[in-house]
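What follows is the content of upload20.txt (compact mmCIF, C-alpha atoms).
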```
# COMPACT_ATOMS: atom_id res chain seq x y z
CA MET A 1 -22.15 18.61 -7.84
CA TYR A 2 -23.84 15.99 -5.65
CA LYS A 3 -24.89 12.74 -7.37
CA THR A 4 -26.68 9.70 -6.02
CA ILE A 5 -25.02 6.29 -6.15
CA GLU A 6 -27.48 5.32 -8.90
CA GLN A 7 -26.50 8.35 -10.99
CA ILE A 8 -22.82 7.58 -10.47
CA HIS A 9 -23.21 3.97 -11.59
CA GLN A 10 -25.00 5.11 -14.76
CA GLU A 11 -22.70 7.99 -15.65
CA TYR A 12 -19.36 6.39 -14.71
CA ASP A 13 -19.99 2.77 -15.72
CA GLY A 14 -16.69 0.89 -15.98
CA GLN A 15 -14.68 3.48 -14.02
CA TRP A 16 -13.17 3.88 -10.57
CA VAL A 17 -14.73 6.88 -8.83
CA PHE A 18 -13.60 8.91 -5.80
CA LEU A 19 -16.29 10.84 -3.90
CA ILE A 20 -16.13 13.55 -1.26
CA ASN A 21 -18.86 14.97 0.99
CA CYS A 22 -20.68 11.64 0.96
CA THR A 23 -24.06 11.14 2.56
CA GLU A 24 -25.26 8.05 4.34
CA GLY A 25 -28.32 6.12 3.28
CA GLU A 26 -30.25 3.24 4.70
CA HIS A 27 -28.26 0.69 6.74
CA HIS A 28 -25.20 3.01 6.81
CA SER A 29 -24.54 2.63 3.09
CA ILE A 30 -23.27 5.49 0.93
CA ALA A 31 -26.21 7.29 -0.73
CA GLY A 32 -24.13 9.67 -2.88
CA GLY A 33 -21.52 12.39 -2.93
CA GLU A 34 -19.50 14.74 -5.12
CA VAL A 35 -17.42 13.02 -7.81
CA VAL A 36 -13.96 14.59 -7.90
CA LEU A 37 -12.00 11.84 -9.70
CA SER A 38 -12.86 9.10 -12.15
CA SER A 39 -10.80 6.86 -14.37
CA GLU A 40 -10.78 3.40 -15.87
CA ARG A 41 -7.44 3.00 -14.08
CA ARG A 42 -7.68 2.42 -10.34
CA ASP A 43 -4.04 3.38 -9.75
CA LYS A 44 -4.66 6.85 -11.25
CA VAL A 45 -7.56 7.52 -8.87
CA LEU A 46 -5.60 6.18 -5.87
CA ARG A 47 -2.57 8.31 -6.76
CA GLU A 48 -4.55 11.55 -7.15
CA MET A 49 -7.15 11.23 -4.38
CA ASN A 50 -4.87 12.55 -1.62
CA GLN A 51 -5.27 16.10 -2.91
CA PHE A 52 -9.01 15.93 -2.08
CA TRP A 53 -8.82 13.98 1.17
CA THR A 54 -9.65 16.08 4.23
CA HIS A 55 -10.68 15.19 7.76
CA ASP A 56 -13.83 17.30 7.35
CA SER A 57 -15.31 15.21 4.55
CA ARG A 58 -16.61 11.66 4.35
CA THR A 59 -14.89 10.10 1.34
CA TYR A 60 -15.52 6.94 -0.65
CA ILE A 61 -13.99 5.09 -3.58
CA LEU A 62 -15.97 2.68 -5.73
CA TYR A 63 -16.00 0.87 -9.03
CA ALA A 64 -19.11 1.81 -11.01
CA GLY A 65 -20.47 -1.13 -12.93
CA LYS A 66 -19.77 -4.81 -13.13
CA TYR A 67 -16.32 -5.78 -11.87
CA PRO A 68 -13.99 -6.81 -14.70
CA GLU A 69 -13.03 -10.45 -14.97
CA GLY A 70 -10.12 -11.30 -12.70
CA VAL A 71 -10.74 -8.47 -10.22
CA SER A 72 -11.22 -9.48 -6.58
CA VAL A 73 -12.91 -7.32 -3.97
CA LEU A 74 -12.08 -7.41 -0.25
CA LEU A 75 -14.63 -6.13 2.22
```

Could you quickly redo this structure as C-alpha cells?
Amino acid sequence: MYKTIEQIHQEYDGQWVFLINCTEGEHHSIAGGEVVLSSERRDKVLREMNQFWTHDSRTYILYAGKYPEGVSVLL
C-alpha cells in the first residue's frame, strides 16, 4: 500500500524502511512509496532488500525519525 513520507515517518518512527514504487515530489525529493521492509536494525533491511529490488521500480531506503546518537549520514 502506498504511503506518503509523512505517514512513513509517523508509522515507522525509529526504524529503517525500504520502499519500492516511489514517487517524486517537489525538488526531486521522494514523496512516498510502498513499504516492503522495516526494522530497527539497518543490516536486516540491507540484507533482505535485494529480493524486492527490480530495475522497473524506483527504490529508496530511509531512517524514519531522529537519527540515533552516534549515527552519521553521508549524502

Self-check item: Separation of atom CA of Asn50 of chain A from atom CA of Glu26 of chain A in Å
Solution: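 Interatomic distance, atom CA of Glu26 of chain A to atom CA of Asn50 of chain A: 27.8 Å.
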
Exercise. Would you work out the distance separating atom CA of Val35 of chain A from atom CA of Gln51 of chain A, expressed in Å to one decimal?
Key: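 For atom CA of Val35 of chain A relative to atom CA of Gln51 of chain A, the distance reads 13.5 Å.
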
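Distance check against Asp56 of chain A using only C-alpha atoms: of A:Ser39, A:Ser72, A:Asn21, A:Ser29, the minimum falls on A:Asn21.
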
Quiz item: Which of these, A:Leu37, A:Val73, A:Leu46, A:Ala64, has the shortest distance to Phe18 of chain A once you count only C-alpha atoms?
Solution: A:Leu37

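The interatomic distance for the pair atom CA of His55 of chain A and atom CA of Asp43 of chain A works out to 22.1 Å.
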
Self-check item: Within 12 Å of Lys66 of chain A using all atoms listed in the file, minus same-chain residues under 2 positions, as a ChimeraX atom specification
Solution: /A:9-10,12-16,62-64,68-73

Self-check item: Selected residue of minimal separation from Glu11 of chain A among A:Gly25, A:Ser38, A:Ala31, A:Lys44, counting all atoms listed in the file
Solution: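 Of A:Gly25, A:Ser38, A:Ala31, A:Lys44, the one nearest Glu11 of chain A is A:Ser38, counting all atoms listed in the file.
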
Saving chain A with C-alpha atoms, as a PDB file, in the first residue's frame, what would that file be?
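Contents of out.pdb, as written:
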```pdb
ATOM      1  CA  MET A   1       0.000   0.000   0.000  1.00  0.00           C
ATOM      2  CA  TYR A   2       1.321   3.444  -0.943  1.00  0.00           C
ATOM      3  CA  LYS A   3       2.234   5.777   1.945  1.00  0.00           C
ATOM      4  CA  THR A   4       3.498   9.338   1.936  1.00  0.00           C
ATOM      5  CA  ILE A   5       6.848  10.184   3.509  1.00  0.00           C
ATOM      6  CA  GLU A   6       4.965  11.884   6.346  1.00  0.00           C
ATOM      7  CA  GLN A   7       2.920   8.742   7.019  1.00  0.00           C
ATOM      8  CA  ILE A   8       6.071   6.621   6.956  1.00  0.00           C
ATOM      9  CA  HIS A   9       7.860   8.850   9.464  1.00  0.00           C
ATOM     10  CA  GLN A  10       4.873   8.643  11.827  1.00  0.00           C
ATOM     11  CA  GLU A  11       4.209   4.921  11.493  1.00  0.00           C
ATOM     12  CA  TYR A  12       7.819   3.677  11.392  1.00  0.00           C
ATOM     13  CA  ASP A  13       9.489   6.122  13.788  1.00  0.00           C
ATOM     14  CA  GLY A  14      12.874   4.764  14.890  1.00  0.00           C
ATOM     15  CA  GLN A  15      13.126   2.196  12.083  1.00  0.00           C
ATOM     16  CA  TRP A  16      14.980   1.726   8.819  1.00  0.00           C
ATOM     17  CA  VAL A  17      12.494   1.493   5.949  1.00  0.00           C
ATOM     18  CA  PHE A  18      12.881   0.190   2.379  1.00  0.00           C
ATOM     19  CA  LEU A  19      10.392   1.490  -0.210  1.00  0.00           C
ATOM     20  CA  ILE A  20       9.544   0.390  -3.738  1.00  0.00           C
ATOM     21  CA  ASN A  21       7.494   2.130  -6.441  1.00  0.00           C
ATOM     22  CA  CYS A  22       8.481   5.520  -5.071  1.00  0.00           C
ATOM     23  CA  THR A  23       7.066   8.754  -6.408  1.00  0.00           C
ATOM     24  CA  GLU A  24       8.899  12.020  -6.767  1.00  0.00           C
ATOM     25  CA  GLY A  25       7.799  15.202  -5.074  1.00  0.00           C
ATOM     26  CA  GLU A  26       8.881  18.785  -5.220  1.00  0.00           C
ATOM     27  CA  HIS A  27      12.582  19.421  -5.966  1.00  0.00           C
ATOM     28  CA  HIS A  28      13.103  15.742  -6.926  1.00  0.00           C
ATOM     29  CA  SER A  29      12.597  14.511  -3.365  1.00  0.00           C
ATOM     30  CA  ILE A  30      10.841  11.237  -2.564  1.00  0.00           C
ATOM     31  CA  ALA A  31       7.136  11.862  -1.869  1.00  0.00           C
ATOM     32  CA  GLY A  32       6.250   8.295  -0.849  1.00  0.00           C
ATOM     33  CA  GLY A  33       6.159   4.663  -1.865  1.00  0.00           C
ATOM     34  CA  GLU A  34       5.247   1.137  -0.803  1.00  0.00           C
ATOM     35  CA  VAL A  35       6.916  -0.041   2.408  1.00  0.00           C
ATOM     36  CA  VAL A  36       8.165  -3.604   1.921  1.00  0.00           C
ATOM     37  CA  LEU A  37      10.727  -3.828   4.749  1.00  0.00           C
ATOM     38  CA  SER A  38      11.189  -2.139   8.093  1.00  0.00           C
ATOM     39  CA  SER A  39      13.361  -2.863  11.095  1.00  0.00           C
ATOM     40  CA  GLU A  40      15.197  -1.132  13.898  1.00  0.00           C
ATOM     41  CA  ARG A  41      18.284  -2.894  12.518  1.00  0.00           C
ATOM     42  CA  ARG A  42      19.715  -1.372   9.348  1.00  0.00           C
ATOM     43  CA  ASP A  43      21.701  -4.514   8.500  1.00  0.00           C
ATOM     44  CA  LYS A  44      18.492  -6.591   8.411  1.00  0.00           C
ATOM     45  CA  VAL A  45      16.870  -4.233   5.893  1.00  0.00           C
ATOM     46  CA  LEU A  46      20.038  -4.072   3.774  1.00  0.00           C
ATOM     47  CA  ARG A  47      20.359  -7.870   3.772  1.00  0.00           C
ATOM     48  CA  GLU A  48      16.749  -8.505   2.738  1.00  0.00           C
ATOM     49  CA  MET A  49      16.108  -5.648   0.288  1.00  0.00           C
ATOM     50  CA  ASN A  50      17.646  -7.435  -2.722  1.00  0.00           C
ATOM     51  CA  GLN A  51      14.591  -9.666  -3.027  1.00  0.00           C
ATOM     52  CA  PHE A  52      12.467  -6.578  -3.804  1.00  0.00           C
ATOM     53  CA  TRP A  53      14.944  -4.657  -5.946  1.00  0.00           C
ATOM     54  CA  THR A  54      13.966  -4.541  -9.624  1.00  0.00           C
ATOM     55  CA  HIS A  55      15.014  -2.305 -12.487  1.00  0.00           C
ATOM     56  CA  ASP A  56      11.361  -1.380 -13.064  1.00  0.00           C
ATOM     57  CA  SER A  57      10.860   0.271  -9.689  1.00  0.00           C
ATOM     58  CA  ARG A  58      12.294   3.385  -8.061  1.00  0.00           C
ATOM     59  CA  THR A  59      13.522   2.281  -4.636  1.00  0.00           C
ATOM     60  CA  TYR A  60      14.563   4.183  -1.532  1.00  0.00           C
ATOM     61  CA  ILE A  61      15.880   3.418   1.939  1.00  0.00           C
ATOM     62  CA  LEU A  62      15.470   5.814   4.847  1.00  0.00           C
ATOM     63  CA  TYR A  63      15.593   6.090   8.599  1.00  0.00           C
ATOM     64  CA  ALA A  64      12.240   7.299   9.930  1.00  0.00           C
ATOM     65  CA  GLY A  65      12.675   9.618  12.860  1.00  0.00           C
ATOM     66  CA  LYS A  66      15.534  11.323  14.584  1.00  0.00           C
ATOM     67  CA  TYR A  67      18.907   9.690  13.934  1.00  0.00           C
ATOM     68  CA  PRO A  68      20.244   7.860  16.984  1.00  0.00           C
ATOM     69  CA  GLU A  69      23.229   9.330  18.773  1.00  0.00           C
ATOM     70  CA  GLY A  70      26.482   8.286  17.120  1.00  0.00           C
ATOM     71  CA  VAL A  71      24.975   7.649  13.675  1.00  0.00           C
ATOM     72  CA  SER A  72      26.500   9.589  10.776  1.00  0.00           C
ATOM     73  CA  VAL A  73      24.762  10.186   7.466  1.00  0.00           C
ATOM     74  CA  LEU A  74      26.584  10.600   4.144  1.00  0.00           C
ATOM     75  CA  LEU A  75      24.814  12.349   1.300  1.00  0.00           C
TER      76      LEU A  75
END
```
